[in-house]
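Peer 1: Take a look at the following structure, please.
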Amino acid sequence: MVRTRFAPSPTGYLHIGGARTALYSWAYARKTGGTFILRVEDTDAERSTVESTQAILDAMNWLGLDYDEGPFYQMRRLDRYREVAKQMLDSGSAYHCTPAKRNSMRCARSNGRRA
């Protein structure tokens, strides 16, 4: 079964590019009998606002883009993400990365090398 999603960041109003992305995902789900999911990417705690979230929901409604599931809010699942990250670290399928290591990896990539 087809499952599409639209995941706007509530840091301002829904812009034309976001509306287009939502429309494509919504239309494909509707054409195929699939499910259209709304997931709010509210992980930017400094810039995400309740007002922006409401503006996005209002714009989706105004555009007639009804969703089958959601809205799901990423920050409400933070405990689950931490749990899974711990499991991955404990099993060895993930590792801690320091800012210095990330910076050296970026530098290596920009020089055409892998760190």
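Here's how to read the names in the structure tokens: chain A, B, ... by the order shown, residue numbers from 1 in each chain, ligand numbers from 1 in the order shown.
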I'd like to know which residues of chain A are strand (DSSP E) (by DSSP, run on the backbone); could you write them as a VMD selection string?
Peer 2: chain A and resid 3 to 6 35 to 40 69 to 73
Peer 1: Just the selected residues (N, CA and C atoms), exported as an mmCIF file, in the first residue's frame, please.
Peer 2:
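Result went into part_12.cif, see below:
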```cif
data_model
loop_
_atom_site.group_PDB
_atom_site.id
_atom_site.type_symbol
_atom_site.label_atom_id
_atom_site.label_comp_id
_atom_site.auth_asym_id
_atom_site.auth_seq_id
_atom_site.Cartn_x
_atom_site.Cartn_y
_atom_site.Cartn_z
ATOM 1 N N ARG A 3 2.082 4.850 0.967
ATOM 2 C CA ARG A 3 1.992 5.781 2.100
ATOM 3 C C ARG A 3 2.877 6.970 1.757
ATOM 4 N N THR A 4 2.295 8.132 1.672
ATOM 5 C CA THR A 4 3.076 9.348 1.419
ATOM 6 C C THR A 4 2.976 10.223 2.651
ATOM 7 N N ARG A 5 3.902 11.161 2.743
ATOM 8 C CA ARG A 5 3.837 12.072 3.876
ATOM 9 C C ARG A 5 4.327 13.446 3.473
ATOM 10 N N PHE A 6 3.844 14.415 4.204
ATOM 11 C CA PHE A 6 4.317 15.785 4.080
ATOM 12 C C PHE A 6 4.813 16.169 5.461
ATOM 13 N N THR A 35 -2.375 6.249 1.639
ATOM 14 C CA THR A 35 -2.538 7.029 2.862
ATOM 15 C C THR A 35 -1.631 8.251 2.798
ATOM 16 N N PHE A 36 -2.183 9.413 3.149
ATOM 17 C CA PHE A 36 -1.417 10.659 3.192
ATOM 18 C C PHE A 36 -1.239 11.038 4.657
ATOM 19 N N ILE A 37 0.018 11.196 5.076
ATOM 20 C CA ILE A 37 0.361 11.445 6.476
ATOM 21 C C ILE A 37 0.937 12.849 6.626
ATOM 22 N N LEU A 38 0.530 13.538 7.683
ATOM 23 C CA LEU A 38 1.100 14.843 8.019
ATOM 24 C C LEU A 38 1.975 14.673 9.253
ATOM 25 N N ARG A 39 3.271 14.972 9.089
ATOM 26 C CA ARG A 39 4.239 14.882 10.187
ATOM 27 C C ARG A 39 4.881 16.249 10.346
ATOM 28 N N VAL A 40 4.697 16.867 11.480
ATOM 29 C CA VAL A 40 5.229 18.206 11.740
ATOM 30 C C VAL A 40 6.639 18.079 12.294
ATOM 31 N N GLU A 69 -3.622 10.430 8.363
ATOM 32 C CA GLU A 69 -2.989 10.196 9.655
ATOM 33 C C GLU A 69 -2.246 11.452 10.074
ATOM 34 N N GLY A 70 -2.251 11.704 11.382
ATOM 35 C CA GLY A 70 -1.544 12.854 11.918
ATOM 36 C C GLY A 70 -2.491 13.965 12.293
ATOM 37 N N PRO A 71 -1.968 15.107 12.584
ATOM 38 C CA PRO A 71 -0.540 15.408 12.503
ATOM 39 C C PRO A 71 0.247 14.741 13.641
ATOM 40 N N PHE A 72 1.415 14.227 13.256
ATOM 41 C CA PHE A 72 2.356 13.681 14.218
ATOM 42 C C PHE A 72 3.424 14.738 14.447
ATOM 43 N N TYR A 73 3.812 14.930 15.691
ATOM 44 C CA TYR A 73 4.795 15.942 16.055
ATOM 45 C C TYR A 73 6.082 15.240 16.488
#
```
Peer 1: What gap, in Å, lies between CA of Arg77 (chain A) and CA of Glu41 (chain A)?
Peer 2: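 So the answer is 11.0 Å.
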Peer 1: Mind listing the helix (DSSP H, G or I) residues of chain A, per DSSP on the backbone, as a VMD selection string?
Peer 2: chain A and resid 16 to 32 50 to 63 74 to 91 99 to 110
Peer 1: Counting only C-alpha atoms, which residue out of A:Ser91, A:Cys97, A:Asp58, A:Ala85 sits closest to Ala19 (chain A)?
Peer 2: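 Of A:Ser91, A:Cys97, A:Asp58, A:Ala85, the one nearest Ala19 (chain A), counting only C-alpha atoms, is A:Asp58.
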Peer 1: Which polymer residues have any atom within 10 Å of an atom of Ala45 (chain A), counting only C-alpha atoms, with same-chain residues fewer than 5 positions away left out, as a list in words?
Peer 2: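 The residues satisfying every condition are Pro10, Thr11 and Met75 of chain A.
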Peer 1: Mind dumping the selected residues with all heavy atoms as a tab-separated table (two decimals), in the first residue's frame?
Peer 2:
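The resulting file, result-v2.tsv, is reproduced below:
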```
chain	number	residue	atom	x	y	z
A	10	PRO	N	7.48	23.96	11.24
A	10	PRO	CA	6.65	25.10	11.64
A	10	PRO	C	7.45	26.30	12.10
A	10	PRO	O	7.39	26.72	13.25
A	10	PRO	CB	5.80	24.51	12.77
A	10	PRO	CG	6.70	23.51	13.40
A	10	PRO	CD	7.50	22.92	12.27
A	11	THR	N	8.22	26.85	11.18
A	11	THR	CA	9.05	28.02	11.49
A	11	THR	C	8.53	29.26	10.76
A	11	THR	O	9.20	30.28	10.74
A	11	THR	CB	10.51	27.76	11.13
A	11	THR	OG1	10.59	27.40	9.75
A	11	THR	CG2	11.10	26.63	11.97
A	75	MET	N	8.81	16.16	18.09
A	75	MET	CA	9.32	16.37	19.45
A	75	MET	C	8.55	15.57	20.48
A	75	MET	O	9.09	15.27	21.55
A	75	MET	CB	9.33	17.86	19.80
A	75	MET	CG	10.39	18.64	19.05
A	75	MET	SD	12.08	18.03	19.30
A	75	MET	CE	12.36	18.53	20.98
```
Peer 1: Using only C-alpha atoms, which residues sit within 7 Å of Leu65 (chain A) once same-chain residues fewer than 3 positions away are excluded, as a list in words?
Peer 2: Leu23, Trp26, Met60 and Asn61 of chain A
Peer 1: Leaving out region 46-51 of chain A and any residue of its chain fewer than 2 positions from it, which residues lie within 8 Å of it when counting only C-alpha atoms, given as a VMD selection string?
Peer 2: chain A and resid 9 to 12 42 to 44 53 to 55
Peer 1: Given the selection you just returned, output its residues as a file containing all heavy atoms, formatted as a JSON list (two decimals), in the first residue's frame.
Peer 2:
```json
[["chain", "number", "residue", "atom", "x", "y", "z"],
["A", 9, "SER", "N", 8.20, 22.14, 8.42],
["A", 9, "SER", "CA", 8.82, 22.66, 9.63],
["A", 9, "SER", "C", 8.04, 23.92, 10.03],
["A", 9, "SER", "O", 7.94, 24.86, 9.24],
["A", 9, "SER", "CB", 10.28, 23.01, 9.36],
["A", 9, "SER", "OG", 10.87, 23.56, 10.51],
["A", 10, "PRO", "N", 7.48, 23.96, 11.24],
["A", 10, "PRO", "CA", 6.65, 25.10, 11.64],
["A", 10, "PRO", "C", 7.45, 26.30, 12.10],
["A", 10, "PRO", "O", 7.39, 26.72, 13.25],
["A", 10, "PRO", "CB", 5.80, 24.51, 12.77],
["A", 10, "PRO", "CG", 6.70, 23.51, 13.40],
["A", 10, "PRO", "CD", 7.50, 22.92, 12.27],
["A", 11, "THR", "N", 8.22, 26.85, 11.18],
["A", 11, "THR", "CA", 9.05, 28.02, 11.49],
["A", 11, "THR", "C", 8.53, 29.26, 10.76],
["A", 11, "THR", "O", 9.20, 30.28, 10.74],
["A", 11, "THR", "CB", 10.51, 27.76, 11.13],
["A", 11, "THR", "OG1", 10.59, 27.40, 9.75],
["A", 11, "THR", "CG2", 11.10, 26.63, 11.97],
["A", 12, "GLY", "N", 7.38, 29.15, 10.16],
["A", 12, "GLY", "CA", 6.78, 30.26, 9.42],
["A", 12, "GLY", "C", 5.56, 29.74, 8.68],
["A", 12, "GLY", "O", 5.07, 28.65, 8.95],
["A", 42, "ASP", "N", 8.92, 19.62, 14.12],
["A", 42, "ASP", "CA", 9.09, 20.70, 15.09],
["A", 42, "ASP", "C", 10.36, 20.56, 15.91],
["A", 42, "ASP", "O", 10.43, 20.96, 17.06],
["A", 42, "ASP", "CB", 7.86, 20.78, 16.00],
["A", 42, "ASP", "CG", 7.59, 19.47, 16.74],
["A", 42, "ASP", "OD1", 8.18, 18.44, 16.38],
["A", 42, "ASP", "OD2", 6.77, 19.50, 17.67],
["A", 43, "THR", "N", 11.41, 20.02, 15.31],
["A", 43, "THR", "CA", 12.66, 19.78, 16.03],
["A", 43, "THR", "C", 13.51, 21.03, 16.20],
["A", 43, "THR", "O", 14.43, 21.03, 17.00],
["A", 43, "THR", "CB", 13.49, 18.69, 15.32],
["A", 43, "THR", "OG1", 13.69, 19.06, 13.97],
["A", 43, "THR", "CG2", 12.77, 17.34, 15.39],
["A", 44, "ASP", "N", 13.23, 22.08, 15.46],
["A", 44, "ASP", "CA", 13.96, 23.35, 15.62],
["A", 44, "ASP", "C", 13.25, 24.13, 16.73],
["A", 44, "ASP", "O", 12.40, 24.99, 16.47],
["A", 44, "ASP", "CB", 13.95, 24.14, 14.31],
["A", 44, "ASP", "CG", 14.80, 25.40, 14.37],
["A", 44, "ASP", "OD1", 15.14, 25.85, 15.49],
["A", 44, "ASP", "OD2", 15.10, 25.95, 13.30],
["A", 53, "THR", "N", 2.64, 26.43, 13.38],
["A", 53, "THR", "CA", 1.99, 25.12, 13.21],
["A", 53, "THR", "C", 0.53, 25.32, 12.81],
["A", 53, "THR", "O", 0.05, 24.68, 11.88],
["A", 53, "THR", "CB", 2.08, 24.29, 14.51],
["A", 53, "THR", "OG1", 3.46, 24.09, 14.82],
["A", 53, "THR", "CG2", 1.38, 22.96, 14.35],
["A", 54, "GLN", "N", -0.15, 26.21, 13.51],
["A", 54, "GLN", "CA", -1.56, 26.46, 13.19],
["A", 54, "GLN", "C", -1.71, 27.05, 11.80],
["A", 54, "GLN", "O", -2.65, 26.71, 11.06],
["A", 54, "GLN", "CB", -2.21, 27.37, 14.24],
["A", 54, "GLN", "CG", -3.71, 27.48, 14.08],
["A", 54, "GLN", "CD", -4.41, 26.13, 14.19],
["A", 54, "GLN", "OE1", -4.20, 25.39, 15.16],
["A", 54, "GLN", "NE2", -5.21, 25.77, 13.20],
["A", 55, "ALA", "N", -0.80, 27.91, 11.41],
["A", 55, "ALA", "CA", -0.85, 28.50, 10.06],
["A", 55, "ALA", "C", -0.71, 27.42, 8.99],
["A", 55, "ALA", "O", -1.39, 27.46, 7.96],
["A", 55, "ALA", "CB", 0.24, 29.56, 9.90]]
```
Peer 1: Can you work out which one of A:Asp79, A:Lys86, A:Asp68, A:Ala94 has the shortest atom-to-atom distance to Gly33 (chain A), counting only C-alpha atoms?
Peer 2: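 Nearest candidate to Gly33 (chain A) out of A:Asp79, A:Lys86, A:Asp68, A:Ala94: A:Asp68.
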Peer 1: As an exercise, work out the distance from CA of Tyr13 (chain A) to CA of Leu57 (chain A) in Å and give it to one decimal place.
Peer 2: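 Rounded to one decimal, the two atoms are 9.8 Å apart.
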